[in-house]
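The file structure.cif comes next; it holds mmCIF, C-alpha atoms.
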```
data_query
loop_
_atom_site.label_atom_id
_atom_site.label_comp_id
_atom_site.auth_asym_id
_atom_site.auth_seq_id
_atom_site.Cartn_x
_atom_site.Cartn_y
_atom_site.Cartn_z
CA MET U 4 11.95 -42.44 -19.56
CA LYS U 5 9.93 -39.58 -18.20
CA LYS U 6 11.74 -37.50 -15.62
CA ILE U 7 10.38 -37.70 -12.09
CA ARG U 8 8.83 -34.40 -11.05
CA VAL U 9 9.74 -33.39 -7.53
CA VAL U 10 8.37 -30.47 -5.52
CA HIS U 11 10.54 -29.51 -2.57
CA TYR U 12 9.29 -27.86 0.64
CA ILE U 13 11.71 -25.82 2.78
CA ASN U 14 11.55 -23.06 5.41
CA GLN U 15 12.57 -19.41 5.19
CA PHE U 16 16.08 -20.15 6.35
CA TYR U 17 16.94 -22.84 3.81
CA GLY U 18 14.89 -20.90 1.27
CA GLN U 19 17.44 -18.09 1.64
CA ILE U 20 14.79 -15.55 2.62
CA GLY U 21 16.16 -14.88 6.11
CA GLY U 22 16.45 -16.04 9.70
CA GLU U 23 14.05 -15.76 12.61
CA ASP U 24 13.11 -12.22 11.61
CA LYS U 25 11.54 -13.71 8.45
CA ALA U 26 9.89 -16.70 10.16
CA ASP U 27 6.48 -15.12 9.65
CA ILE U 28 6.49 -15.10 5.83
CA ALA U 29 3.56 -16.71 4.04
CA PRO U 30 4.21 -19.47 1.46
CA ILE U 31 6.19 -18.50 -1.63
CA LEU U 32 6.49 -20.56 -4.79
CA LYS U 33 9.67 -20.66 -6.85
CA GLU U 34 10.30 -22.65 -9.99
CA GLY U 35 13.23 -25.03 -9.87
CA PHE U 36 15.40 -25.71 -6.85
CA VAL U 37 16.52 -23.45 -3.99
CA GLY U 38 19.14 -24.04 -1.28
CA PRO U 39 19.53 -27.73 -0.36
CA GLY U 40 17.36 -28.53 -3.38
CA MET U 41 20.39 -28.04 -5.57
CA GLN U 42 22.08 -31.08 -4.07
CA ILE U 43 18.86 -33.10 -4.28
CA ASN U 44 18.61 -32.17 -7.93
CA ASN U 45 22.21 -33.27 -8.52
CA LEU U 46 21.61 -36.56 -6.76
CA LEU U 47 18.54 -37.25 -8.88
CA GLN U 48 20.78 -37.01 -11.95
CA GLU U 49 18.91 -38.03 -15.09
CA ARG U 50 16.11 -39.69 -13.15
CA GLY U 51 14.32 -36.55 -12.11
CA GLU U 52 14.35 -32.91 -11.20
CA ILE U 53 12.96 -30.43 -8.72
CA VAL U 54 10.34 -28.59 -10.74
CA ALA U 55 9.36 -26.19 -7.97
CA THR U 56 10.18 -25.21 -4.41
CA VAL U 57 7.69 -24.02 -1.82
CA ILE U 58 9.13 -21.86 0.93
CA CYS U 59 7.24 -20.92 4.08
CA GLY U 60 8.19 -19.23 7.34
CA ASP U 61 8.21 -21.63 10.30
CA ASN U 62 6.17 -19.31 12.48
CA TYR U 63 3.68 -18.59 9.72
CA PHE U 64 3.13 -22.28 9.08
CA ASN U 65 2.68 -23.25 12.71
CA GLU U 66 0.54 -20.26 13.61
CA ASN U 67 -1.72 -20.66 10.55
CA LEU U 68 -1.75 -24.41 10.11
CA ASP U 69 -4.94 -24.80 8.04
CA GLU U 70 -4.51 -21.74 5.88
CA ALA U 71 -0.83 -22.44 5.19
CA THR U 72 -1.57 -26.06 4.32
CA ASP U 73 -4.33 -25.07 1.88
CA THR U 74 -2.14 -22.49 0.16
CA ILE U 75 0.77 -24.89 -0.12
CA LEU U 76 -1.43 -27.69 -1.50
CA GLY U 77 -2.65 -25.26 -4.15
CA MET U 78 0.91 -24.36 -5.12
CA ILE U 79 2.09 -27.97 -5.22
CA GLY U 80 -0.95 -29.17 -7.18
CA GLN U 81 -0.14 -26.91 -10.14
CA PHE U 82 3.06 -28.83 -10.79
CA ASN U 83 1.66 -32.39 -10.88
CA PRO U 84 4.59 -33.82 -8.95
CA ASP U 85 5.36 -37.52 -8.68
CA ILE U 86 6.70 -37.01 -5.17
CA VAL U 87 7.08 -34.21 -2.60
CA ILE U 88 10.23 -33.99 -0.53
CA ALA U 89 10.30 -31.75 2.57
CA GLY U 90 13.32 -30.59 4.52
CA PRO U 91 15.34 -32.21 5.96
CA SER U 92 14.51 -30.37 9.17
CA PHE U 93 16.98 -32.16 11.50
CA ASN U 94 16.09 -31.26 15.12
CA ALA U 95 14.20 -28.03 14.35
CA GLY U 96 10.86 -28.24 16.13
CA ARG U 97 8.64 -25.91 14.12
CA TYR U 98 10.26 -26.79 10.80
CA GLY U 99 9.78 -30.50 11.53
CA MET U 100 6.11 -29.99 12.34
CA ALA U 101 5.72 -28.09 9.06
CA CYS U 102 7.53 -30.74 6.99
CA GLY U 103 5.40 -33.47 8.57
CA ALA U 104 2.15 -31.60 8.05
CA VAL U 105 2.94 -30.77 4.41
CA CYS U 106 3.85 -34.41 3.67
CA LYS U 107 0.71 -35.71 5.35
CA ALA U 108 -1.56 -33.27 3.51
CA VAL U 109 0.07 -33.95 0.14
CA SER U 110 -0.17 -37.74 0.52
CA GLU U 111 -3.80 -37.52 1.50
CA THR U 112 -4.79 -34.99 -1.16
CA PHE U 113 -2.82 -36.10 -4.22
CA ASN U 114 -2.19 -39.73 -3.31
CA ILE U 115 1.51 -39.50 -4.15
CA PRO U 116 4.47 -40.52 -1.98
CA THR U 117 6.06 -37.95 0.32
CA LEU U 118 9.21 -37.99 2.32
CA THR U 119 11.15 -35.85 4.73
CA GLY U 120 14.17 -36.12 7.02
CA MET U 121 14.38 -35.50 10.77
CA TYR U 122 16.37 -36.19 13.88
CA ILE U 123 14.71 -38.90 15.96
CA GLU U 124 13.86 -36.51 18.85
CA SER U 125 12.17 -33.90 16.66
CA PRO U 126 8.50 -33.46 17.65
CA GLY U 127 7.63 -33.92 13.98
CA VAL U 128 8.65 -37.57 14.24
CA ASP U 129 6.02 -38.43 16.83
CA GLY U 130 3.47 -36.30 15.08
CA TYR U 131 3.88 -37.54 11.51
CA ARG U 132 5.81 -40.84 11.27
CA LYS U 133 2.55 -42.65 10.62
CA TYR U 134 1.71 -40.50 7.63
CA THR U 135 4.95 -40.13 5.71
CA TYR U 136 8.44 -41.54 5.28
CA ILE U 137 10.93 -39.82 7.60
CA VAL U 138 14.59 -40.52 6.92
CA GLU U 139 16.51 -40.44 10.19
CA THR U 140 19.10 -37.66 10.17
CA ALA U 141 21.68 -36.13 12.48
CA ASN U 142 20.44 -33.41 14.85
CA SER U 143 21.82 -30.48 12.86
CA ALA U 144 22.56 -29.36 9.33
CA VAL U 145 26.04 -30.85 9.74
CA GLY U 146 24.27 -34.05 8.71
CA MET U 147 23.05 -32.60 5.40
CA ARG U 148 25.65 -34.46 3.38
CA THR U 149 24.53 -37.87 4.59
CA ALA U 150 20.83 -37.02 4.82
CA LEU U 151 20.27 -36.00 1.20
CA PRO U 152 21.66 -39.14 -0.52
CA ALA U 153 19.60 -41.31 1.83
CA MET U 154 16.49 -39.25 1.12
CA VAL U 155 16.96 -39.31 -2.65
CA LYS U 156 17.61 -43.06 -2.64
CA LEU U 157 14.38 -43.68 -0.75
CA ALA U 158 12.49 -41.16 -2.91
CA LEU U 159 13.41 -43.04 -6.09
CA LYS U 160 12.28 -46.33 -4.56
CA LEU U 161 8.98 -44.79 -3.53
CA VAL U 162 8.30 -43.36 -6.98
CA ASP U 163 9.35 -46.61 -8.68
CA GLY U 164 7.02 -48.51 -6.39
CA VAL U 165 9.83 -50.81 -5.22
CA GLU U 166 8.74 -52.88 -2.24
CA LEU U 167 10.53 -51.53 0.81
CA GLY U 168 12.31 -53.73 3.30
CA ASP U 169 12.79 -53.23 6.98
CA PRO U 170 12.68 -49.52 7.97
CA LYS U 171 16.09 -49.83 9.63
CA GLU U 172 17.68 -51.17 6.43
CA GLU U 173 15.94 -48.59 4.29
CA GLY U 174 17.03 -45.80 6.61
CA TYR U 175 13.66 -44.39 7.57
CA ILE U 176 11.86 -44.21 10.89
CA ALA U 177 9.40 -47.05 11.42
CA ARG U 178 5.86 -45.97 10.61
CA GLY U 179 4.14 -48.68 12.56
CA VAL U 180 2.84 -50.35 9.39
CA ARG U 181 2.66 -54.16 9.59
CA ARG U 182 3.05 -56.24 6.48
CA ASN U 183 2.67 -60.00 6.13
CA TYR U 184 5.48 -61.98 4.59
CA PHE U 185 6.84 -65.52 4.64
CA HIS U 186 9.85 -65.99 6.85
CA ALA U 187 12.31 -68.76 6.06
CA VAL U 188 12.28 -69.88 9.69
CA ARG U 189 9.03 -70.71 11.46
CA GLY U 190 7.82 -68.59 14.39
CA SER U 191 8.30 -71.16 17.14
CA LYS U 192 11.94 -71.62 16.24
CA ARG U 193 12.55 -67.88 16.05
CA ALA U 194 10.99 -67.40 19.47
CA VAL U 195 13.11 -70.15 21.02
CA ASP U 196 16.25 -68.78 19.35
CA MET U 197 15.49 -65.38 20.80
CA LEU U 198 14.89 -66.82 24.24
CA ILE U 199 18.18 -68.72 24.16
CA ALA U 200 20.01 -65.58 23.07
CA LYS U 201 18.41 -63.69 25.91
CA ILE U 202 19.38 -66.36 28.47
CA ASN U 203 22.95 -66.30 27.19
CA ASP U 204 23.09 -62.48 27.28
CA GLN U 205 23.48 -62.42 23.52
CA PRO U 206 22.02 -59.60 21.44
CA PHE U 207 18.64 -60.22 19.82
CA THR U 208 16.02 -58.09 18.15
CA THR U 209 12.37 -58.40 19.06
CA GLU U 210 9.96 -58.78 16.17
CA TYR U 211 7.32 -56.81 17.97
CA PRO U 212 8.60 -53.89 20.03
CA MET U 213 6.09 -52.80 22.64
CA PRO U 214 4.90 -49.25 22.02
CA THR U 215 5.94 -46.86 24.74
CA PHE U 216 3.10 -44.68 25.93
CA ASP U 217 4.86 -42.32 28.25
CA ARG U 218 1.94 -40.31 29.48
CA VAL U 219 1.38 -38.74 32.87
CA ALA U 220 -2.21 -38.55 34.07
CA PRO U 221 -3.46 -35.03 34.87
CA ASN U 222 -3.12 -34.03 38.51
CA PRO U 223 -6.21 -32.94 40.43
CA HIS U 224 -7.37 -29.38 39.83
CA ILE U 225 -6.87 -26.49 42.25
CA VAL U 226 -9.90 -26.06 44.47
CA ASP U 227 -9.16 -22.68 46.02
CA MET U 228 -7.07 -20.51 43.73
CA SER U 229 -7.07 -17.64 46.23
CA LYS U 230 -4.88 -19.75 48.51
CA ALA U 231 -2.71 -21.32 45.83
CA THR U 232 0.95 -20.62 45.18
CA ILE U 233 1.62 -20.46 41.44
CA ALA U 234 5.09 -20.86 39.96
CA LEU U 235 6.23 -19.73 36.54
CA VAL U 236 8.43 -21.97 34.39
CA THR U 237 9.43 -21.29 30.80
CA SER U 238 11.28 -22.89 27.91
CA GLY U 239 11.34 -19.46 26.26
CA GLY U 240 14.72 -18.55 27.72
CA ILE U 241 13.75 -15.52 29.81
CA VAL U 242 16.72 -14.60 32.05
CA PRO U 243 17.88 -11.57 34.03
CA LYS U 244 19.58 -9.04 31.76
CA GLY U 245 23.05 -10.24 30.80
CA ASN U 246 22.16 -13.97 31.16
CA PRO U 247 24.26 -14.39 34.34
CA ASP U 248 24.45 -18.20 34.16
CA HIS U 249 25.19 -18.24 30.43
CA ILE U 250 22.32 -20.49 29.46
CA GLU U 251 23.08 -21.57 25.89
CA SER U 252 20.97 -20.16 23.04
CA SER U 253 20.47 -23.69 21.72
CA SER U 254 21.01 -27.23 23.04
CA ALA U 255 20.84 -25.89 26.61
CA SER U 256 22.87 -27.85 29.15
CA LYS U 257 21.28 -26.16 32.19
CA PHE U 258 18.30 -24.31 33.57
CA GLY U 259 18.18 -21.14 35.65
CA LYS U 260 16.31 -20.26 38.84
CA TYR U 261 15.79 -16.55 39.42
CA ASP U 262 14.31 -14.45 42.22
CA ILE U 263 11.44 -12.21 41.18
CA GLU U 264 10.61 -10.87 44.63
CA GLY U 265 9.79 -7.20 44.30
CA PHE U 266 9.34 -7.37 40.52
CA THR U 267 5.92 -6.18 39.38
CA ASN U 268 6.90 -5.98 35.74
CA LEU U 269 9.73 -7.30 33.58
CA THR U 270 11.32 -4.63 31.42
CA GLU U 271 13.97 -4.14 28.80
CA LYS U 272 16.30 -3.04 31.59
CA THR U 273 15.82 -6.06 33.83
CA HIS U 274 15.21 -9.12 31.67
CA GLU U 275 15.83 -10.55 28.22
CA THR U 276 15.72 -13.87 26.39
CA ALA U 277 18.65 -16.22 25.87
CA HIS U 278 16.70 -18.27 23.32
CA GLY U 279 18.30 -18.51 19.87
CA GLY U 280 15.41 -20.21 18.14
CA TYR U 281 12.99 -17.34 17.68
CA ASP U 282 13.19 -13.64 16.90
CA PRO U 283 14.16 -12.19 20.31
CA VAL U 284 13.11 -8.59 19.61
CA TYR U 285 9.68 -8.78 21.26
CA ALA U 286 10.79 -10.70 24.35
CA ASN U 287 13.82 -8.45 24.83
CA LEU U 288 11.62 -5.34 24.79
CA ASP U 289 9.13 -6.81 27.25
CA ALA U 290 9.80 -10.25 28.76
CA ASP U 291 6.25 -10.32 30.19
CA ARG U 292 5.28 -11.34 26.66
CA VAL U 293 6.81 -14.73 27.45
CA LEU U 294 6.78 -14.79 31.25
CA PRO U 295 3.66 -12.95 32.49
CA VAL U 296 4.98 -11.64 35.80
CA ASP U 297 3.13 -8.31 35.51
CA VAL U 298 -0.30 -9.89 35.21
CA LEU U 299 0.33 -12.47 37.93
CA ARG U 300 1.39 -9.70 40.32
CA GLU U 301 -1.92 -7.97 39.64
CA LEU U 302 -3.84 -11.17 40.22
CA GLU U 303 -1.86 -11.70 43.42
CA ALA U 304 -2.68 -8.19 44.66
CA GLU U 305 -6.34 -8.72 43.85
CA GLY U 306 -6.37 -11.98 45.77
CA VAL U 307 -7.28 -14.05 42.72
CA ILE U 308 -4.24 -16.24 43.35
CA GLY U 309 -2.69 -16.76 46.77
CA LYS U 310 0.86 -16.06 45.80
CA LEU U 311 3.30 -15.95 42.90
CA HIS U 312 6.22 -18.22 43.79
CA ARG U 313 9.35 -16.26 44.61
CA TYR U 314 11.48 -17.92 41.93
CA PHE U 315 10.90 -18.62 38.28
CA TYR U 316 12.65 -21.42 36.41
CA THR U 317 13.86 -21.08 32.87
CA THR U 318 15.70 -22.82 30.09
CA VAL U 319 16.05 -22.58 26.35
CA GLY U 320 13.90 -25.09 24.49
CA ASN U 321 15.84 -24.93 21.24
CA GLY U 322 17.31 -28.20 20.05
CA THR U 323 17.57 -29.19 23.70
CA SER U 324 17.74 -32.96 24.02
CA VAL U 325 14.77 -34.75 25.48
CA ALA U 326 17.09 -36.30 28.07
CA ASN U 327 18.22 -32.85 29.29
CA ALA U 328 14.70 -31.43 29.30
CA LYS U 329 13.54 -34.39 31.39
CA LYS U 330 16.42 -33.98 33.80
CA PHE U 331 15.87 -30.22 34.21
CA ALA U 332 12.15 -30.63 34.75
CA ALA U 333 12.56 -33.45 37.27
CA ALA U 334 14.93 -31.23 39.31
CA ILE U 335 12.62 -28.22 38.97
CA GLY U 336 9.59 -30.31 39.93
CA LYS U 337 11.32 -31.63 43.03
CA GLU U 338 12.18 -28.10 44.21
CA LEU U 339 8.65 -26.90 43.51
CA VAL U 340 7.19 -29.74 45.57
CA GLU U 341 9.55 -28.92 48.44
CA ALA U 342 8.57 -25.25 48.19
CA LYS U 343 4.89 -26.29 48.43
CA VAL U 344 3.96 -24.80 45.08
CA ASP U 345 0.40 -25.77 44.16
CA ALA U 346 0.39 -25.29 40.41
CA VAL U 347 2.66 -24.32 37.52
CA ILE U 348 2.17 -22.12 34.49
CA LEU U 349 4.71 -23.23 31.88
CA THR U 350 5.13 -21.02 28.84
CA SER U 351 6.77 -22.02 25.56
CA THR U 352 7.73 -20.09 22.47
CA MET P 20 9.23 -30.55 30.75
CA VAL P 21 5.49 -30.17 31.26
CA LYS P 22 5.13 -33.90 31.68
CA GLU P 23 8.05 -34.29 34.08
CA ILE P 24 6.78 -31.54 36.38
CA GLU P 25 3.29 -33.03 36.25
CA ARG P 26 4.88 -36.36 37.21
CA CYS P 27 6.06 -34.72 40.44
CA GLY P 28 2.42 -34.27 41.44
CA ILE P 29 1.85 -30.60 40.56
CA PRO P 30 -0.80 -29.65 37.99
CA VAL P 31 0.76 -27.79 35.06
CA VAL P 32 -0.92 -25.63 32.45
CA HIS P 33 1.04 -25.27 29.23
CA MET P 34 0.72 -21.92 27.46
CA CYS P 35 2.08 -22.21 23.93
CA THR P 36 1.34 -21.39 20.32
CA VAL P 37 2.12 -24.68 18.59
CA VAL P 38 -0.57 -26.84 20.17
CA PRO P 39 0.33 -29.99 18.17
CA ILE P 40 3.78 -30.00 19.82
CA SER P 41 2.21 -29.55 23.23
CA LEU P 42 -0.06 -32.54 22.57
CA THR P 43 2.92 -34.59 21.39
CA VAL P 44 4.95 -33.88 24.52
CA GLY P 45 2.05 -34.89 26.74
CA ALA P 46 0.74 -31.67 28.29
CA ASN P 47 -2.62 -32.21 29.98
CA ARG P 48 -3.93 -28.66 30.22
CA ILE P 49 -3.15 -26.50 27.18
CA ILE P 50 -3.86 -22.83 26.46
CA PRO P 51 -3.19 -21.78 22.84
CA THR P 52 -1.37 -18.45 22.78
CA VAL P 53 -0.80 -15.53 20.41
CA ALA P 54 2.39 -16.16 18.41
CA ILE P 55 5.67 -18.04 18.71
CA PRO P 56 7.99 -15.08 19.50
CA HIS P 57 5.41 -13.42 21.78
CA PRO P 58 3.03 -16.03 23.18
CA LEU P 59 1.59 -13.68 25.80
CA GLY P 60 1.68 -10.38 24.00
CA ASN P 61 1.13 -8.63 20.73
CA PRO P 62 3.52 -5.81 19.85
CA ASN P 63 1.04 -4.48 17.26
CA LEU P 64 -1.37 -3.41 19.99
CA THR P 65 -1.20 -0.54 22.45
CA PRO P 66 0.45 -1.50 25.76
CA GLU P 67 -2.97 -1.41 27.46
CA ASP P 68 -4.61 -3.72 24.93
CA GLU P 69 -1.62 -6.01 24.95
CA LYS P 70 -1.77 -6.37 28.71
CA HIS P 71 -5.48 -6.98 28.48
CA ILE P 72 -4.84 -9.94 26.16
CA ARG P 73 -2.15 -11.26 28.47
CA ARG P 74 -4.40 -11.01 31.48
CA ASN P 75 -7.16 -12.77 29.61
CA LEU P 76 -4.84 -15.65 28.66
CA VAL P 77 -3.48 -15.99 32.20
CA GLU P 78 -7.02 -16.00 33.60
CA ARG P 79 -7.84 -18.81 31.20
CA ALA P 80 -4.76 -20.68 32.42
CA LEU P 81 -5.93 -20.29 36.01
CA LYS P 82 -9.37 -21.51 35.02
CA ALA P 83 -7.78 -24.55 33.36
CA LEU P 84 -5.92 -25.29 36.59
CA GLN P 85 -9.24 -25.17 38.43
CA THR P 86 -10.87 -27.56 35.96
CA GLU P 87 -10.87 -31.29 36.50
CA VAL P 88 -9.54 -33.07 33.42
CA HIS P 89 -8.99 -36.74 32.68
CA VAL P 90 -7.46 -36.50 29.22
CA GLN P 91 -5.31 -33.96 27.37
CA THR P 92 -7.49 -30.87 27.08
CA VAL P 93 -7.05 -27.77 24.92
CA PHE P 94 -8.87 -24.83 26.47
CA GLU P 95 -9.85 -22.85 23.38
CA LYS P 96 -12.08 -20.32 25.10
#
```

Here is the file; what I need is its structure written in the form of structure tokens.
Amino acid sequence: MKKIRVVHYINQFYGQIGGEDKADIAPILKEGFVGPGMQINNLLQERGEIVATVICGDNYFNENLDEATDTILGMIGQFNPDIVIAGPSFNAGRYGMACGAVCKAVSETFNIPTLTGMYIESPGVDGYRKYTYIVETANSAVGMRTALPAMVKLALKLVDGVELGDPKEEGYIARGVRRNYFHAVRGSKRAVDMLIAKINDQPFTTEYPMPTFDRVAPNPHIVDMSKATIALVTSGGIVPKGNPDHIESSSASKFGKYDIEGFTNLTEKTHETAHGGYDPVYANLDADRVLPVDVLRELEAEGVIGKLHRYFYTTVGNGTSVANAKKFAAAIGKELVEAKVDAVILTST
Amino acid sequence: MVKEIERCGIPVVHMCTVVPISLTVGANRIIPTVAIPHPLGNPNLTPEDEKHIRRNLVERALKALQTEVHVQTVFEK
């Protein structure tokens, strides 16, 4: 039996190139496996092997989406793979977006199955679940040991063309694909059974979960900017030098509120970033690169805006749970409303 | 976060580099920025040019806040 040819996509970190300081590297092609690919290769046993690994910096990929995708497709195409596996990326935002985009592009271009692994809250899940198979993983690399066997198992099924069952049983995140099949029990009976379970407070599973569209309609625009108070909020982790409230570098449990009265410019001496998910060098040298206080002061002095709000709000958007981010922002929003702030500039890294 | 603040009734403009993430999280007014570790700056430029870029981006953000939108809008220029 012919061995299954797998191409693996990973980022600069798992590719053993480097950390955030190497996040801007362009795609690199290596023959054979690298990093977590070794375990994938072992799990494939005699069935298949990783013939090549594509490594790309998370920043490079996300900042050069089209170019990076084209280059990577070119690299992958040379190897005639039967399947492309990306990641797993766990809860890493940029890496997840890259894994999803690579899988989508490969499926569409080469018409072969693709698969990746992510934590359910990763932005890559919402962005790409429709286009590829995403095995649900833990939120950090601690889950590598359980993620890889699940991914390889599903990969073999996909290559073999085995008909997949329910996403939950197969261990991947539902793609929203509907397939017709004959159920042993007719619909009317299933509906009544479900209703009775519901009445009796028994557990039941709906056969058609309603999609949740959690969207907020845009608020009206600002009519007179020269009278408006503008507040700055950031998920880029800018804090006063020394990070007085000890905001965590990842999975933040809190946000900070800091007075910028009298500041016309943020400098190396006054501010820094607490964020552990990007190379902090540039923000530490000049925090205005993330939180543009200098420019807003100028615009305030020129009368373009009415006023820069006295406080800025900050947290670290690095693996921070959606629940926490929601909670922080609801509290921040409430304070901003009370302070009669008219509009917010929110910056993210 | 963008969405939750917007929910409080204040218009928010999101300045970020990875626009697809911004769209996924439901930002309504989006300004694409320079790079992930320095969205509003570019260390390769002189301080004057860098500030010029920053000012330009912030002015675009202010313009976005003064623009009526009904759907998620990316302000490219």

Using only C-alpha atoms, which residues of region 103-135 of chain U come within 12 Å of region 60-64 of chain U, and what is the closest atom pair for each, with the distance in Å to one decimal? Give it as CSV, sorted by chain and residue number.
```
residue,atom,partner,partner_atom,distance
U:Gly103,CA,U:Phe64,CA,11.4
U:Ala104,CA,U:Phe64,CA,9.4
U:Val105,CA,U:Phe64,CA,9.7
```

File of the preceding selection, C-alpha atoms, as a JSON list (two decimals), keeping the file's coordinate frame:
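Output (again_23.json):
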```
[["chain", "number", "residue", "atom", "x", "y", "z"],
["U", 103, "GLY", "CA", 5.40, -33.47, 8.57],
["U", 104, "ALA", "CA", 2.15, -31.60, 8.05],
["U", 105, "VAL", "CA", 2.94, -30.77, 4.41]]
```

### Message
Tell me as a ChimeraX atom specification which residues belonging to chain P come within 8 Å of chain U, counting only C-alpha atoms.
### Response
/P:20-37,39-40,43-45,47-48,54-62,70,73-74,77,80-81,84-91

### Message
For a quick check of understanding, using all atoms listed in the file, which of U:Leu76, U:Ile250, U:Ile199, U:Ile88 has the smallest distance to Ala108 (chain U)?
### Response
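Ranking U:Leu76, U:Ile250, U:Ile199, U:Ile88 by distance to Ala108 (chain U), first place goes to U:Leu76.
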
### Task
Apply the PyMOL selection byres ((chain P and resi 93) around 7) to the file shown and report the selected residues as a PyMOL selection string.
chain P and resi 48-50+91-92+94-95

Using only C-alpha atoms, please write the residues we just selected to a file, as a PDB file, in the coordinates of the input.
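Output contents, as saved in result19.pdb:
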```pdb
ATOM      1  CA  ARG P  48      -3.930 -28.660  30.220  1.00  0.00           C
ATOM      2  CA  ILE P  49      -3.150 -26.500  27.180  1.00  0.00           C
ATOM      3  CA  ILE P  50      -3.860 -22.830  26.460  1.00  0.00           C
ATOM      4  CA  GLN P  91      -5.310 -33.960  27.370  1.00  0.00           C
ATOM      5  CA  THR P  92      -7.490 -30.870  27.080  1.00  0.00           C
ATOM      6  CA  PHE P  94      -8.870 -24.830  26.470  1.00  0.00           C
ATOM      7  CA  GLU P  95      -9.850 -22.850  23.380  1.00  0.00           C
TER       8      GLU P  95
END
```

### Message
Using only C-alpha atoms and a cutoff of 12 Å, can you tell me which residues are near (23.4, -24.6, 29.4) in the file's coordinates, and write them out as a PyMOL selection string?
### Response
chain U and resi 240+246-259+277-278+317-324+327-328+331

Once you have the residues from the selection above, write them out as a PDB file, keeping the file's coordinate frame, restricted to C-alpha atoms.
```pdb
ATOM      1  CA  GLY U 240      14.720 -18.550  27.720  1.00  0.00           C
ATOM      2  CA  ASN U 246      22.160 -13.970  31.160  1.00  0.00           C
ATOM      3  CA  PRO U 247      24.260 -14.390  34.340  1.00  0.00           C
ATOM      4  CA  ASP U 248      24.450 -18.200  34.160  1.00  0.00           C
ATOM      5  CA  HIS U 249      25.190 -18.240  30.430  1.00  0.00           C
ATOM      6  CA  ILE U 250      22.320 -20.490  29.460  1.00  0.00           C
ATOM      7  CA  GLU U 251      23.080 -21.570  25.890  1.00  0.00           C
ATOM      8  CA  SER U 252      20.970 -20.160  23.040  1.00  0.00           C
ATOM      9  CA  SER U 253      20.470 -23.690  21.720  1.00  0.00           C
ATOM     10  CA  SER U 254      21.010 -27.230  23.040  1.00  0.00           C
ATOM     11  CA  ALA U 255      20.840 -25.890  26.610  1.00  0.00           C
ATOM     12  CA  SER U 256      22.870 -27.850  29.150  1.00  0.00           C
ATOM     13  CA  LYS U 257      21.280 -26.160  32.190  1.00  0.00           C
ATOM     14  CA  PHE U 258      18.300 -24.310  33.570  1.00  0.00           C
ATOM     15  CA  GLY U 259      18.180 -21.140  35.650  1.00  0.00           C
ATOM     16  CA  ALA U 277      18.650 -16.220  25.870  1.00  0.00           C
ATOM     17  CA  HIS U 278      16.700 -18.270  23.320  1.00  0.00           C
ATOM     18  CA  THR U 317      13.860 -21.080  32.870  1.00  0.00           C
ATOM     19  CA  THR U 318      15.700 -22.820  30.090  1.00  0.00           C
ATOM     20  CA  VAL U 319      16.050 -22.580  26.350  1.00  0.00           C
ATOM     21  CA  GLY U 320      13.900 -25.090  24.490  1.00  0.00           C
ATOM     22  CA  ASN U 321      15.840 -24.930  21.240  1.00  0.00           C
ATOM     23  CA  GLY U 322      17.310 -28.200  20.050  1.00  0.00           C
ATOM     24  CA  THR U 323      17.570 -29.190  23.700  1.00  0.00           C
ATOM     25  CA  SER U 324      17.740 -32.960  24.020  1.00  0.00           C
ATOM     26  CA  ASN U 327      18.220 -32.850  29.290  1.00  0.00           C
ATOM     27  CA  ALA U 328      14.700 -31.430  29.300  1.00  0.00           C
ATOM     28  CA  PHE U 331      15.870 -30.220  34.210  1.00  0.00           C
TER      29      PHE U 331
END
```

### Query
Which residues fall under the PyMOL selection byres ((chain U and resi 84) around 9) in this file, as a list in words?
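That selection, the PyMOL selection byres ((chain U and resi 84) around 9), comes back as Ile7, Arg8, Val9, Val10, Val54, Ile79, Gly80, Gln81, Phe82, Asn83, Asp85, Ile86, Val87 and Ile115 of chain U.
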
### Polymer residues at most 10 Å from Arg178 (chain U), all atoms listed in the file, same-chain spacing of 3 or more positions, as a PyMOL selection string
chain U and resi 128-129+131-137+170+175+181

### Query
Quick one: distance from CA of Cys59 (chain U) to CA of Leu76 (chain P) in Å, one decimal?
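Answer for the CA of Cys59 (chain U) to CA of Leu76 (chain P) separation: 27.9 Å.
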
Within 7 Å of (11.4, -23.7, 6.7) (file coordinates; only C-alpha atoms), which protein or nucleic acid residues are there? I'd like them as a compact mmCIF listing (two decimals) with C-alpha atoms, in the coordinates of the input.
```txt
# COMPACT_ATOMS: atom_id res chain seq x y z
CA ILE U 13 11.71 -25.82 2.78
CA ASN U 14 11.55 -23.06 5.41
CA GLN U 15 12.57 -19.41 5.19
CA PHE U 16 16.08 -20.15 6.35
CA TYR U 17 16.94 -22.84 3.81
CA ILE U 58 9.13 -21.86 0.93
CA CYS U 59 7.24 -20.92 4.08
CA GLY U 60 8.19 -19.23 7.34
CA ASP U 61 8.21 -21.63 10.30
CA TYR U 98 10.26 -26.79 10.80
```

### Query
Near Ala153 (chain U), counting all atoms listed in the file, which residues have an atom at most 12 Å away, once you skip same-chain residues fewer than 4 positions from it, shown as a VMD selection string?
chain U and resid 43 46 to 47 91 118 to 121 136 to 140 146 to 149 157 to 160 172 to 175

### Query
CA of Gly279 (chain U) and CA of Ile123 (chain U), how far apart in Å?
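These two atoms are separated by 21.1 Å.
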
## Note on the structure
Taken to one decimal, the CA of Tyr122 (chain U)-CA of Gln205 (chain U) distance is 28.8 Å
